[in-house]
>>> print(open('coords.txt').read())   # compact mmCIF, C-alpha atoms (C1' of nucleotides)
# COMPACT_ATOMS: atom_id res chain seq x y z
CA MET A 80 -36.50 -24.06 -13.79
CA PRO A 81 -38.12 -22.39 -10.77
CA GLU A 82 -36.50 -19.12 -9.88
CA HIS A 83 -35.82 -20.20 -6.32
CA VAL A 84 -33.68 -23.06 -7.53
CA HIS A 85 -31.59 -20.69 -9.62
CA GLU A 86 -31.06 -18.47 -6.60
CA ALA A 87 -30.22 -21.43 -4.41
CA GLN A 88 -27.68 -22.58 -7.00
CA ASP A 89 -26.07 -19.15 -6.97
CA ARG A 90 -25.75 -19.17 -3.22
CA PHE A 91 -24.37 -22.68 -3.26
CA VAL A 92 -21.77 -21.63 -5.82
CA ALA A 93 -20.83 -18.66 -3.65
CA VAL A 94 -20.38 -20.59 -0.41
CA TRP A 95 -18.51 -23.40 -2.11
CA GLY A 96 -16.19 -20.88 -3.72
CA GLN A 97 -15.64 -19.32 -0.35
CA MET A 98 -14.80 -22.69 1.16
CA GLY A 99 -12.38 -23.38 -1.65
CA THR A 100 -10.28 -20.31 -0.96
CA ALA A 101 -9.99 -21.27 2.71
CA TRP A 102 -8.54 -24.61 1.67
CA GLY A 103 -6.14 -23.40 -0.97
CA ILE A 104 -8.27 -23.86 -4.09
CA SER A 105 -8.85 -20.82 -6.26
CA ARG A 106 -12.29 -19.31 -5.90
CA THR A 107 -13.14 -19.63 -9.58
CA MET A 108 -12.17 -23.27 -9.78
CA ALA A 109 -14.26 -24.07 -6.74
CA GLU A 110 -17.17 -22.11 -8.19
CA VAL A 111 -17.03 -23.97 -11.48
CA HIS A 112 -17.01 -27.22 -9.58
CA ALA A 113 -19.94 -26.11 -7.44
CA LEU A 114 -21.91 -25.07 -10.49
CA LEU A 115 -21.43 -28.38 -12.26
CA PHE A 116 -22.24 -30.31 -9.13
CA ILE A 117 -25.34 -28.42 -8.18
CA THR A 118 -26.90 -28.11 -11.63
CA GLY A 119 -26.31 -31.81 -12.13
CA GLU A 120 -26.38 -31.54 -15.90
CA PRO A 121 -23.67 -31.20 -18.52
CA LEU A 122 -22.73 -27.60 -19.31
CA CYS A 123 -20.47 -26.26 -22.04
CA THR A 124 -17.73 -23.67 -21.64
CA ASP A 125 -20.04 -20.84 -22.69
CA ASP A 126 -22.67 -21.87 -20.15
CA VAL A 127 -20.05 -21.74 -17.42
CA MET A 128 -18.67 -18.40 -18.61
CA GLN A 129 -22.06 -16.78 -18.72
CA ARG A 130 -23.39 -18.19 -15.51
CA LEU A 131 -20.28 -17.27 -13.55
CA GLY A 132 -19.33 -14.14 -15.47
CA ILE A 133 -15.76 -15.21 -16.12
CA SER A 134 -13.54 -15.14 -19.20
CA ARG A 135 -13.14 -17.96 -21.66
CA GLY A 136 -9.55 -18.54 -20.59
CA SER A 137 -10.47 -18.78 -16.97
CA ALA A 138 -13.31 -21.20 -17.66
CA SER A 139 -11.10 -23.37 -19.83
CA MET A 140 -8.32 -23.53 -17.24
CA SER A 141 -10.68 -24.30 -14.38
CA LEU A 142 -12.44 -27.03 -16.29
CA ARG A 143 -9.16 -28.61 -17.26
CA ALA A 144 -7.95 -28.58 -13.67
CA LEU A 145 -11.20 -30.12 -12.46
CA LEU A 146 -10.83 -32.90 -15.02
CA ASP A 147 -7.31 -33.53 -13.68
CA TRP A 148 -8.70 -33.72 -10.18
CA GLY A 149 -11.24 -36.27 -11.36
CA VAL A 150 -14.29 -34.45 -9.99
CA VAL A 151 -15.66 -33.43 -13.40
CA TYR A 152 -16.15 -35.50 -16.56
CA ARG A 153 -16.18 -34.74 -20.27
CA VAL A 154 -19.47 -35.44 -21.99
CA HIS A 155 -20.10 -35.38 -25.71
CA LYS A 156 -23.51 -34.68 -27.13
CA ARG A 157 -24.14 -36.31 -30.46
CA GLY A 158 -24.55 -33.86 -33.29
CA ASP A 159 -22.82 -31.12 -31.33
CA ARG A 160 -19.20 -30.15 -31.76
CA LYS A 161 -19.02 -28.55 -28.33
CA GLU A 162 -17.65 -30.30 -25.31
CA TYR A 163 -19.83 -30.55 -22.24
CA PHE A 164 -18.77 -31.07 -18.65
CA GLU A 165 -20.58 -32.86 -15.89
CA GLY A 166 -19.77 -32.81 -12.18
CA GLU A 167 -19.30 -36.06 -10.28
CA GLN A 168 -22.66 -36.61 -8.59
CA ASP A 169 -21.71 -39.17 -5.97
CA VAL A 170 -20.58 -37.11 -2.99
CA TRP A 171 -18.45 -39.90 -1.54
CA ALA A 172 -16.72 -40.47 -4.85
CA MET A 173 -16.17 -36.73 -5.12
CA PHE A 174 -14.48 -36.48 -1.75
CA ARG A 175 -12.49 -39.63 -2.39
CA ALA A 176 -11.13 -37.98 -5.52
CA ILE A 177 -10.27 -34.82 -3.61
CA VAL A 178 -8.50 -36.74 -0.85
CA ARG A 179 -6.64 -38.90 -3.35
CA GLU A 180 -5.32 -35.91 -5.26
CA ARG A 181 -4.38 -33.81 -2.26
CA MET A 182 -2.51 -36.70 -0.69
CA LYS A 183 -0.73 -37.46 -3.93
CA ARG A 184 0.20 -33.85 -4.62
CA GLU A 185 0.93 -32.55 -1.16
CA VAL A 186 1.31 -35.12 1.58
CA ASP A 187 3.33 -37.72 -0.30
CA PRO A 188 5.99 -35.24 -1.45
CA LEU A 189 6.07 -33.86 2.09
CA LEU A 190 6.75 -37.36 3.41
CA VAL A 191 9.59 -37.78 0.95
CA SER A 192 11.14 -34.49 2.13
CA LEU A 193 10.74 -35.43 5.77
CA HIS A 194 12.51 -38.72 5.18
CA GLU A 195 15.37 -36.85 3.56
CA ILE A 196 15.48 -34.46 6.48
CA ARG A 197 15.60 -37.36 8.87
CA GLU A 198 18.61 -38.76 7.09
CA MET A 199 20.45 -35.49 7.70
CA THR A 200 20.64 -36.14 11.43
CA GLU A 201 20.42 -39.89 11.59
CA GLY A 202 23.15 -41.57 13.55
CA ILE A 203 25.12 -38.49 14.60
CA GLY A 204 24.07 -39.91 17.89
CA LYS A 205 25.66 -37.51 20.35
CA GLY A 206 23.79 -35.12 22.51
CA GLU A 207 20.36 -34.33 23.73
CA ALA A 208 19.85 -31.69 21.02
CA VAL A 209 20.19 -34.22 18.22
CA SER A 210 18.12 -36.95 19.77
CA SER A 211 15.24 -34.72 20.76
CA HIS A 212 15.24 -33.24 17.28
CA ASN A 213 15.11 -36.73 15.84
CA ALA A 214 12.30 -37.65 18.18
CA ARG A 215 10.18 -34.69 17.06
CA LEU A 216 10.77 -35.56 13.44
CA ALA A 217 9.84 -39.17 14.13
CA ASP A 218 6.61 -38.08 15.78
CA ILE A 219 5.56 -35.98 12.81
CA LEU A 220 6.50 -38.75 10.40
CA GLU A 221 4.59 -41.33 12.36
CA PHE A 222 1.50 -39.16 12.39
CA LEU A 223 1.61 -38.30 8.72
CA GLU A 224 2.23 -41.89 7.73
CA MET A 225 -0.76 -42.89 9.78
CA ALA A 226 -2.86 -40.25 8.01
CA ASP A 227 -1.52 -41.41 4.68
CA GLY A 228 -2.48 -44.99 5.53
CA VAL A 229 -5.99 -44.04 6.61
CA SER A 230 -6.53 -41.96 3.51
CA ARG A 231 -5.34 -44.81 1.29
CA ARG A 232 -8.01 -46.96 2.84
CA PHE A 233 -10.61 -44.28 2.39
CA VAL A 234 -9.65 -43.83 -1.23
CA SER A 235 -9.23 -47.47 -2.20
CA PRO A 236 -12.03 -49.46 -3.81
CA GLN A 237 -12.29 -51.41 -0.55
CA GLY A 238 -13.00 -48.11 1.17
CA LYS A 239 -16.65 -48.96 1.59
CA GLY A 240 -15.87 -50.38 5.03
CA LEU A 241 -14.39 -47.11 6.14
CA GLN A 242 -17.36 -45.30 4.65
CA VAL A 243 -19.74 -47.31 6.79
CA ALA A 244 -17.57 -46.90 9.86
CA ALA A 245 -17.30 -43.15 9.36
CA THR A 246 -21.03 -42.83 8.87
CA LEU A 247 -21.73 -44.62 12.13
CA LEU A 248 -19.00 -42.73 13.93
CA GLY A 249 -20.31 -39.41 12.70
CA LYS A 250 -23.92 -40.15 13.55
CA VAL A 251 -23.50 -41.17 17.20
CA SER A 252 -21.82 -37.87 17.89
CA GLY A 253 -24.85 -36.20 19.49
CA ARG A 254 -26.11 -34.24 16.49
CA ARG A 255 -29.50 -33.28 15.10
CA SER A 256 -30.82 -35.82 12.59
CA SER A 257 -33.15 -33.77 10.42
CA ASP A 258 -33.19 -35.52 7.07
CA GLY A 259 -34.37 -39.01 6.27
CA GLY A 260 -31.74 -41.45 5.05
CA ARG A 261 -31.17 -41.28 1.33
CA GLU A 262 -29.30 -43.97 -0.58
CA GLU A 263 -26.73 -43.36 -3.22
CA GLY A 264 -25.09 -45.28 -6.05
CA SER A 265 -22.45 -43.83 -8.36
CA MET B 80 23.97 -27.35 18.53
CA PRO B 81 25.43 -29.51 15.76
CA GLU B 82 25.38 -27.78 12.43
CA HIS B 83 23.47 -30.59 10.77
CA VAL B 84 20.59 -30.09 13.15
CA HIS B 85 20.43 -26.41 12.28
CA GLU B 86 20.31 -27.28 8.59
CA ALA B 87 17.70 -29.93 9.16
CA GLN B 88 15.59 -27.40 11.07
CA ASP B 89 15.85 -24.97 8.18
CA ARG B 90 14.69 -27.58 5.72
CA PHE B 91 11.87 -28.61 8.00
CA VAL B 92 10.76 -25.00 8.25
CA ALA B 93 10.86 -24.67 4.48
CA VAL B 94 8.81 -27.78 3.71
CA TRP B 95 6.29 -27.02 6.42
CA GLY B 96 5.88 -23.51 5.07
CA GLN B 97 5.36 -24.95 1.62
CA MET B 98 2.72 -27.32 2.91
CA GLY B 99 0.99 -24.46 4.69
CA THR B 100 0.49 -22.47 1.52
CA ALA B 101 -1.06 -25.49 -0.21
CA TRP B 102 -3.63 -25.69 2.57
CA GLY B 103 -4.48 -22.03 2.84
CA ILE B 104 -2.16 -20.97 5.65
CA SER B 105 0.28 -18.17 4.96
CA ARG B 106 3.83 -19.32 4.43
CA THR B 107 5.25 -17.19 7.22
CA MET B 108 2.74 -18.37 9.77
CA ALA B 109 3.44 -21.98 8.89
CA GLU B 110 7.18 -21.33 9.07
CA VAL B 111 6.94 -19.77 12.50
CA HIS B 112 4.95 -22.74 13.65
CA ALA B 113 7.46 -25.15 12.14
CA LEU B 114 10.33 -23.35 13.81
CA LEU B 115 8.76 -23.45 17.25
CA PHE B 116 7.81 -27.07 16.84
CA ILE B 117 11.13 -28.30 15.57
CA THR B 118 13.38 -26.37 17.91
CA GLY B 119 11.24 -27.53 20.80
CA GLU B 120 12.32 -24.69 23.03
CA PRO B 121 10.79 -21.32 23.83
CA LEU B 122 11.88 -18.52 21.50
CA CYS B 123 11.22 -14.80 21.75
CA THR B 124 10.04 -12.52 18.98
CA ASP B 125 13.58 -11.46 18.12
CA ASP B 126 14.74 -15.06 17.85
CA VAL B 127 11.96 -15.76 15.40
CA MET B 128 12.64 -12.59 13.39
CA GLN B 129 16.32 -13.34 13.07
CA ARG B 130 16.02 -17.01 12.35
CA LEU B 131 13.36 -16.51 9.70
CA GLY B 132 14.51 -13.13 8.41
CA ILE B 133 11.12 -11.50 8.79
CA SER B 134 10.00 -8.17 10.20
CA ARG B 135 8.88 -7.56 13.74
CA GLY B 136 5.32 -6.91 12.62
CA SER B 137 5.13 -10.13 10.71
CA ALA B 138 6.55 -12.16 13.58
CA SER B 139 4.14 -10.57 16.03
CA MET B 140 1.10 -11.22 13.84
CA SER B 141 2.07 -14.81 13.12
CA LEU B 142 2.72 -15.59 16.76
CA ARG B 143 -0.59 -14.08 17.76
CA ALA B 144 -2.44 -16.12 15.17
CA LEU B 145 -0.69 -19.31 16.27
CA LEU B 146 -1.73 -18.62 19.86
CA ASP B 147 -5.33 -18.24 18.64
CA TRP B 148 -5.05 -21.56 16.87
CA GLY B 149 -3.83 -23.15 20.07
CA VAL B 150 -0.71 -24.70 18.58
CA VAL B 151 1.73 -22.36 20.33
CA TYR B 152 1.91 -21.30 23.97
CA ARG B 153 3.17 -18.24 25.81
CA VAL B 154 6.02 -18.91 28.19
CA HIS B 155 7.46 -16.47 30.71
CA LYS B 156 11.02 -16.72 31.87
CA ARG B 157 11.60 -15.41 35.37
CA GLY B 158 13.74 -12.32 35.50
CA ASP B 159 13.09 -11.58 31.83
CA ARG B 160 10.57 -9.07 30.57
CA LYS B 161 10.36 -10.67 27.14
CA GLU B 162 7.67 -13.10 26.17
CA TYR B 163 8.70 -16.48 24.88
CA PHE B 164 6.72 -18.83 22.69
CA GLU B 165 6.77 -22.59 22.64
CA GLY B 166 5.24 -24.89 20.05
CA GLU B 167 2.86 -27.64 21.11
CA GLN B 168 5.06 -30.73 21.20
CA ASP B 169 2.44 -33.46 21.18
CA VAL B 170 1.76 -34.09 17.51
CA TRP B 171 -1.70 -35.53 18.14
CA ALA B 172 -2.67 -32.56 20.28
CA MET B 173 -1.31 -30.27 17.58
CA PHE B 174 -3.41 -31.82 14.83
CA ARG B 175 -6.44 -31.95 17.10
CA ALA B 176 -6.09 -28.21 17.58
CA ILE B 177 -5.78 -27.66 13.85
CA VAL B 178 -8.82 -29.79 13.08
CA ARG B 179 -10.85 -28.13 15.83
CA GLU B 180 -10.11 -24.64 14.56
CA ARG B 181 -10.62 -25.36 10.89
CA MET B 182 -13.92 -27.06 11.56
CA LYS B 183 -15.07 -24.23 13.78
CA ARG B 184 -14.00 -21.52 11.37
CA GLU B 185 -14.81 -23.06 8.03
CA VAL B 186 -16.98 -26.15 8.06
CA ASP B 187 -19.50 -25.11 10.71
CA PRO B 188 -20.33 -21.79 9.00
CA LEU B 189 -20.57 -23.68 5.72
CA LEU B 190 -23.10 -26.04 7.26
CA VAL B 191 -25.15 -23.09 8.48
CA SER B 192 -25.17 -21.62 4.97
CA LEU B 193 -26.12 -24.94 3.41
CA HIS B 194 -29.06 -25.29 5.79
CA GLU B 195 -30.22 -21.82 4.79
CA ILE B 196 -29.87 -22.74 1.14
CA ARG B 197 -31.89 -25.87 1.70
CA GLU B 198 -34.71 -23.80 3.15
CA MET B 199 -34.87 -21.78 -0.04
CA THR B 200 -36.20 -24.73 -2.01
CA GLU B 201 -37.83 -26.79 0.68
CA GLY B 202 -41.42 -27.76 0.01
CA ILE B 203 -41.87 -26.08 -3.37
CA GLY B 204 -42.42 -29.70 -4.18
CA LYS B 205 -43.20 -29.58 -7.88
CA GLY B 206 -40.96 -30.86 -10.57
CA GLU B 207 -37.95 -33.00 -11.14
CA ALA B 208 -35.64 -29.97 -11.21
CA VAL B 209 -36.49 -28.99 -7.66
CA SER B 210 -36.37 -32.45 -6.17
CA SER B 211 -33.08 -33.44 -7.77
CA HIS B 212 -31.57 -30.15 -6.62
CA ASN B 213 -32.79 -30.88 -3.12
CA ALA B 214 -31.37 -34.38 -3.29
CA ARG B 215 -27.92 -33.11 -4.23
CA LEU B 216 -27.99 -30.60 -1.42
CA ALA B 217 -29.07 -33.32 1.00
CA ASP B 218 -26.18 -35.51 -0.12
CA ILE B 219 -23.62 -32.80 0.51
CA LEU B 220 -25.16 -31.95 3.86
CA GLU B 221 -25.21 -35.56 4.94
CA PHE B 222 -21.56 -35.97 4.05
CA LEU B 223 -20.40 -32.81 5.75
CA GLU B 224 -22.39 -33.56 8.87
CA MET B 225 -20.79 -36.95 8.98
CA ALA B 226 -17.36 -35.36 8.68
CA ASP B 227 -18.29 -32.85 11.35
CA GLY B 228 -19.34 -35.69 13.64
CA VAL B 229 -16.17 -37.67 13.06
CA SER B 230 -14.00 -34.62 13.66
CA ARG B 231 -15.83 -33.83 16.89
CA ARG B 232 -14.92 -37.28 18.09
CA PHE B 233 -11.36 -36.85 17.03
CA VAL B 234 -11.13 -33.53 18.80
CA SER B 235 -12.96 -34.43 21.99
CA PRO B 236 -11.12 -35.54 25.11
CA GLN B 237 -12.56 -39.01 24.53
CA GLY B 238 -10.84 -38.98 21.15
CA LYS B 239 -8.23 -41.45 22.37
CA GLY B 240 -10.36 -44.28 21.01
CA LEU B 241 -10.32 -42.78 17.57
CA GLN B 242 -6.60 -42.22 17.88
CA VAL B 243 -6.02 -45.88 18.54
CA ALA B 244 -8.38 -46.90 15.75
CA ALA B 245 -6.74 -44.57 13.27
CA THR B 246 -3.29 -45.81 14.21
CA LEU B 247 -4.30 -49.41 13.61
CA LEU B 248 -6.14 -48.51 10.43
CA GLY B 249 -3.19 -46.61 9.08
CA LYS B 250 -0.67 -49.29 9.90
CA VAL B 251 -2.36 -52.24 8.20
CA SER B 252 -2.35 -50.34 4.96
CA GLY B 253 0.64 -52.14 3.41
CA ARG B 254 3.32 -49.52 4.08
CA ARG B 255 7.00 -49.57 4.94
CA SER B 256 7.61 -49.63 8.70
CA SER B 257 11.11 -48.23 9.08
CA ASP B 258 11.17 -46.59 12.50
CA GLY B 259 10.81 -48.26 15.87
CA GLY B 260 7.64 -47.44 17.77
CA ARG B 261 7.97 -44.41 20.02
CA GLU B 262 5.53 -43.54 22.78
CA GLU B 263 4.22 -40.09 23.51
CA GLY B 264 2.55 -38.30 26.38
CA SER B 265 1.44 -34.66 26.27
C1' DT C 276 -7.76 -27.98 -48.86
C1' DG C 277 -10.21 -24.02 -46.96
C1' DG C 278 -13.53 -22.55 -43.87
C1' DT C 279 -15.88 -22.90 -39.51
C1' DT C 280 -16.23 -23.73 -34.79
C1' DC C 281 -14.48 -24.79 -30.49
C1' DT C 282 -10.43 -25.12 -27.17
C1' DT C 283 -6.05 -23.98 -25.26
C1' DT C 284 -2.30 -21.01 -24.26
C1' DC C 285 0.17 -17.23 -22.28
C1' DA C 286 1.89 -12.40 -21.60
C1' DA C 287 0.25 -8.58 -19.49
C1' DA C 288 -3.09 -6.57 -16.27
C1' DA C 289 -5.85 -6.77 -12.33
C1' DA C 290 -6.89 -8.39 -7.98
C1' DC C 291 -5.63 -10.07 -3.84
C1' DT C 292 -2.58 -11.32 0.03
C1' DT C 293 1.16 -10.69 2.92
C1' DC C 294 4.95 -8.04 4.81
C1' DT C 295 7.29 -4.03 6.52
C1' DG C 296 8.63 -0.60 9.77
C1' DA C 297 7.82 3.29 12.35
C1' DA C 298 4.54 5.11 15.55
C1' DA C 299 1.37 4.09 19.15
C1' DT C 300 0.40 1.33 22.97
C1' DC C 301 1.23 -1.42 26.74
C1' DT C 302 3.80 -3.23 30.94
C1' DC C 303 6.62 -3.35 34.44
C1' DC C 304 10.11 -1.30 37.37
C1' DT C 305 11.92 2.27 40.54
C1' DA D 133 4.78 9.54 37.70
C1' DG D 134 8.61 8.79 34.45
C1' DG D 135 11.18 5.88 31.71
C1' DA D 136 12.92 1.62 29.54
C1' DG D 137 11.85 -2.08 27.08
C1' DA D 138 8.56 -5.08 24.78
C1' DT D 139 4.50 -5.68 21.84
C1' DT D 140 0.86 -4.40 18.66
C1' DT D 141 -1.06 -1.90 14.95
C1' DC D 142 -1.80 -0.40 10.32
C1' DA D 143 -1.11 2.31 5.96
C1' DG D 144 1.55 1.72 2.27
C1' DA D 145 4.95 -1.33 -0.29
C1' DA D 146 6.08 -5.62 -2.03
C1' DG D 147 5.00 -9.92 -3.61
C1' DT D 148 1.98 -13.51 -5.27
C1' DT D 149 -1.91 -15.45 -7.54
C1' DT D 150 -5.54 -15.21 -10.69
C1' DT D 151 -7.86 -13.42 -14.68
C1' DT D 152 -8.26 -11.64 -19.10
C1' DG D 153 -8.49 -11.65 -24.08
C1' DA D 154 -6.48 -12.16 -28.26
C1' DA D 155 -3.79 -15.27 -30.92
C1' DA D 156 -2.50 -19.92 -31.90
C1' DG D 157 -3.96 -24.51 -32.25
C1' DA D 158 -7.23 -28.52 -32.97
C1' DA D 159 -11.00 -30.88 -34.82
C1' DC D 160 -14.29 -31.46 -37.97
C1' DC D 161 -16.74 -31.01 -42.40
C1' DA D 162 -17.64 -30.51 -47.26
>>> encode(input="coords.txt", output="C-alpha cells")
Amino acid sequence: MPEHVHEAQDRFVAVWGQMGTAWGISRTMAEVHALLFITGEPLCTDDVMQRLGISRGSASMSLRALLDWGVVYRVHKRGDRKEYFEGEQDVWAMFRAIVRERMKREVDPLLVSLHEIREMTEGIGKGEAVSSHNARLADILEFLEMADGVSRRFVSPQGKGLQVAATLLGKVSGRRSSDGGREEGS
Amino acid sequence: MPEHVHEAQDRFVAVWGQMGTAWGISRTMAEVHALLFITGEPLCTDDVMQRLGISRGSASMSLRALLDWGVVYRVHKRGDRKEYFEGEQDVWAMFRAIVRERMKREVDPLLVSLHEIREMTEGIGKGEAVSSHNARLADILEFLEMADGVSRRFVSPQGKGLQVAATLLGKVSGRRSSDGGREEGS
DNA sequence: TGGTTCTTTCAAAAACTTCTGAAATCTCCT
DNA sequence: AGGAGATTTCAGAAGTTTTTGAAAGAACCA
C-alpha cells in the first residue's frame, strides 16, 4: 500500500478519535472504529493493537463495544482460528446505527424520566409557579419527542425518503460542491 | 414555591446533568443550565452555588461557558450590584444555539481536516488501494457536508420552515400524543 | 483428554477531567 | 483615591474514566 495512504489513514484515525471524545465516545473506541472504516478490510485483534499501539484488553473491549453499536461486524476467514472485524462501509447505515443506539441508550431513558418528573407536579394546579414549571417541562418534552420521532424515521428501513430529503436540504444550503456524485449501496 | 416543584426541579437538574455527560458536556455545566432553564427566573452566582452545592469557581466557570454557548443570558437588576443569569426559555432557540455551537466547534474543524486528508492521496491515481481509500473518504465527506448543510438551515433565521417540517415529521411517527398542543414565542 | 491458540475479564495503575478555594482582579460607589 | 462587594483565575486536590496486563475462559484439534 502506498505510503501516503498509510499516513492519510493515521490522520483520519486521529481526527475521528478527536471527534469521538467531543461527543462522549472514548478516544480509543473511536480510533478503532475509524481504523476499521478507513482500511475497509477485515483486521484481527493483533492488527488493531499494533496499528494503534494499544493493549490487548483495550482492543478487545473496544471491538466488543463497536459490535454492540452495530458499526463493526465479525468476519471469519476459513482456515484461520482468529476472528476478524470489518467496519460498516455504508456511511448512511453507519450513522443510522449510531443514531439508533444513542437514542435508545440516552434519549429514550431521558424521556421516561421527564414523564415521571411531569407526574410529580401534574394537577397540583394552583399558582403561577407550578403552571409555568409545567409549561417548561412540556416544551422540553414536546421537543424531545419530536426529535425522537424524526430519528425513528431516519433510522427505520423506510428512512430512504428522509435520506433523499436531507441530501437535497443539505445541498441547497449555499455550499461548495467539489466532488462528483458517487452512488452507494450497502 | 410548592415543595413538589422544588423536588421536580432537582430531578430535572439531575437527569439533564446525566444527559450532558453522555454527550460530552461536563455534569456541572449541564446542571447549571438545567437549573436556569427549569427555574425560569434569573439567579445569581450564590443562588447557583447553594442550590447545586458547588464552589464559587465552578459556578463562575460554568456560567461563563453557558454564556459563550448562548443558552444563558446576563441580567442586571436595578439597584443590585450582583449579576444575574437567566436561561434561554425558548426550547427551539436553545437547541438551535447548541447545534450552532457544536457544529462550529467540532464538525467544521473536522471537515477542514478531512479536506486536508483528502489532498494527501488525491491524484496518486494508481491502484485499487488508493482509489477505494479515496472513495471512503469522499463518502464521509459527502455525508458530513450534508449534515452541515442541514444544520445551517436549522440554525438560520429562516429555519422556521425546517422547524415546521420536523414537527410534522416527528408527529406522524406513530407515537403517543398525551399533552395538548402548546404554542411558543421567543 | 491435553495442548494450543485466541478472546474476555477485571483489579490495579495511569491518564485525564473537573472542582475547589483563596488570591488577584475588576467595578462601582462616595 | 479608597473601599466594599462581586467576579475571575488557576495551581493543586479530588474525582472519574480509561488502559493495562496477567489470569481465566473458550474454542478447536488431534
>>> closest_atom_pairs(input="coords.txt", of="chain C", to="chain B", cutoff="9 Å", atoms="only C-alpha atoms (C1' of nucleotides)", output="JSON lines")
{"residue": "C:DT292", "atom": "C1'", "partner": "B:Ser105", "partner_atom": "CA", "distance": 8.9}
{"residue": "C:DT293", "atom": "C1'", "partner": "B:Ser105", "partner_atom": "CA", "distance": 7.8}
{"residue": "C:DC294", "atom": "C1'", "partner": "B:Ser137", "partner_atom": "CA", "distance": 6.3}
{"residue": "C:DT295", "atom": "C1'", "partner": "B:Ser134", "partner_atom": "CA", "distance": 6.2}
{"residue": "C:DG296", "atom": "C1'", "partner": "B:Gly136", "partner_atom": "CA", "distance": 7.7}
{"residue": "C:DT302", "atom": "C1'", "partner": "B:Arg160", "partner_atom": "CA", "distance": 8.9}
{"residue": "C:DC303", "atom": "C1'", "partner": "B:Arg160", "partner_atom": "CA", "distance": 8.0}
>>> write_last_selection(input="coords.txt", atoms="C-alpha atoms (C1' of nucleotides)", output="mmCIF file, in the coordinates of the input")
data_model
loop_
_atom_site.group_PDB
_atom_site.id
_atom_site.type_symbol
_atom_site.label_atom_id
_atom_site.label_comp_id
_atom_site.auth_asym_id
_atom_site.auth_seq_id
_atom_site.Cartn_x
_atom_site.Cartn_y
_atom_site.Cartn_z
ATOM 1 C "C1'" DT C 292 -2.580 -11.320 0.030
ATOM 2 C "C1'" DT C 293 1.160 -10.690 2.920
ATOM 3 C "C1'" DC C 294 4.950 -8.040 4.810
ATOM 4 C "C1'" DT C 295 7.290 -4.030 6.520
ATOM 5 C "C1'" DG C 296 8.630 -0.600 9.770
ATOM 6 C "C1'" DT C 302 3.800 -3.230 30.940
ATOM 7 C "C1'" DC C 303 6.620 -3.350 34.440
#
>>> closest_atom_pairs(input="coords.txt", of="chain A", to="chain B", cutoff="6 Å", atoms="only C-alpha atoms", output="JSON lines")
{"residue": "A:Ala87", "atom": "CA", "partner": "B:Ile196", "partner_atom": "CA", "distance": 5.7}
{"residue": "A:Ala101", "atom": "CA", "partner": "B:Gly103", "partner_atom": "CA", "distance": 5.6}
{"residue": "A:Trp102", "atom": "CA", "partner": "B:Gly103", "partner_atom": "CA", "distance": 5.0}
{"residue": "A:Gly103", "atom": "CA", "partner": "B:Gly103", "partner_atom": "CA", "distance": 4.4}
{"residue": "A:Ile196", "atom": "CA", "partner": "B:Ala87", "partner_atom": "CA", "distance": 5.7}
{"residue": "A:Met225", "atom": "CA", "partner": "B:Gly249", "partner_atom": "CA", "distance": 4.5}
{"residue": "A:Gly228", "atom": "CA", "partner": "B:Gly249", "partner_atom": "CA", "distance": 4.0}
{"residue": "A:Val229", "atom": "CA", "partner": "B:Gly249", "partner_atom": "CA", "distance": 4.5}
{"residue": "A:Thr246", "atom": "CA", "partner": "B:Met225", "partner_atom": "CA", "distance": 5.9}
{"residue": "A:Leu248", "atom": "CA", "partner": "B:Val229", "partner_atom": "CA", "distance": 5.9}
{"residue": "A:Gly249", "atom": "CA", "partner": "B:Gly228", "partner_atom": "CA", "distance": 4.0}
{"residue": "A:Ser252", "atom": "CA", "partner": "B:Gly228", "partner_atom": "CA", "distance": 5.4}
>>> atom_distance(input="coords.txt", atom1="atom CA of B:Val243", atom2="atom CA of B:Gly149")
22.9 Å
>>> atom_distance(input="coords.txt", atom1="atom CA of A:Glu120", atom2="atom CA of B:Gly202")
22.2 Å
>>> interface_residues(input="coords.txt", of="chain D", to="chain A", cutoff="12 Å", atoms="only C-alpha atoms (C1' of nucleotides)", output="list in words")
DT149, DT150, DT151, DT152, DG153, DA154, DA159, DC160 and DC161 of chain D
>>> atom_distance(input="coords.txt", atom1="atom CA of B:Phe164", atom2="atom CA of A:His194")
27.1 Å
>>> residues_around(input="coords.txt", residues="C:DT283", least_positions_apart="6", cutoff="9 Å", atoms="only C-alpha atoms (C1' of nucleotides)", output="PyMOL selection string")
(chain A and resi 136+139-140) or (chain D and resi 156-157)
>>> axis_aligned_box(input="coords.txt", around="stretch 216-234 of chain B", padding_each_side="5 Å", output="AutoDock Vina command-line options")
--center_x -20.1 --center_y -34.1 --center_z 8.7 --size_x 27.9 --size_y 17.1 --size_z 30.2
>>> residues_near_point(input="coords.txt", point="(0.6, -7.1, 23.7)", cutoff="8 Å", atoms="all atoms listed in the file", output="ChimeraX atom specification")
/C:301 /D:139-140
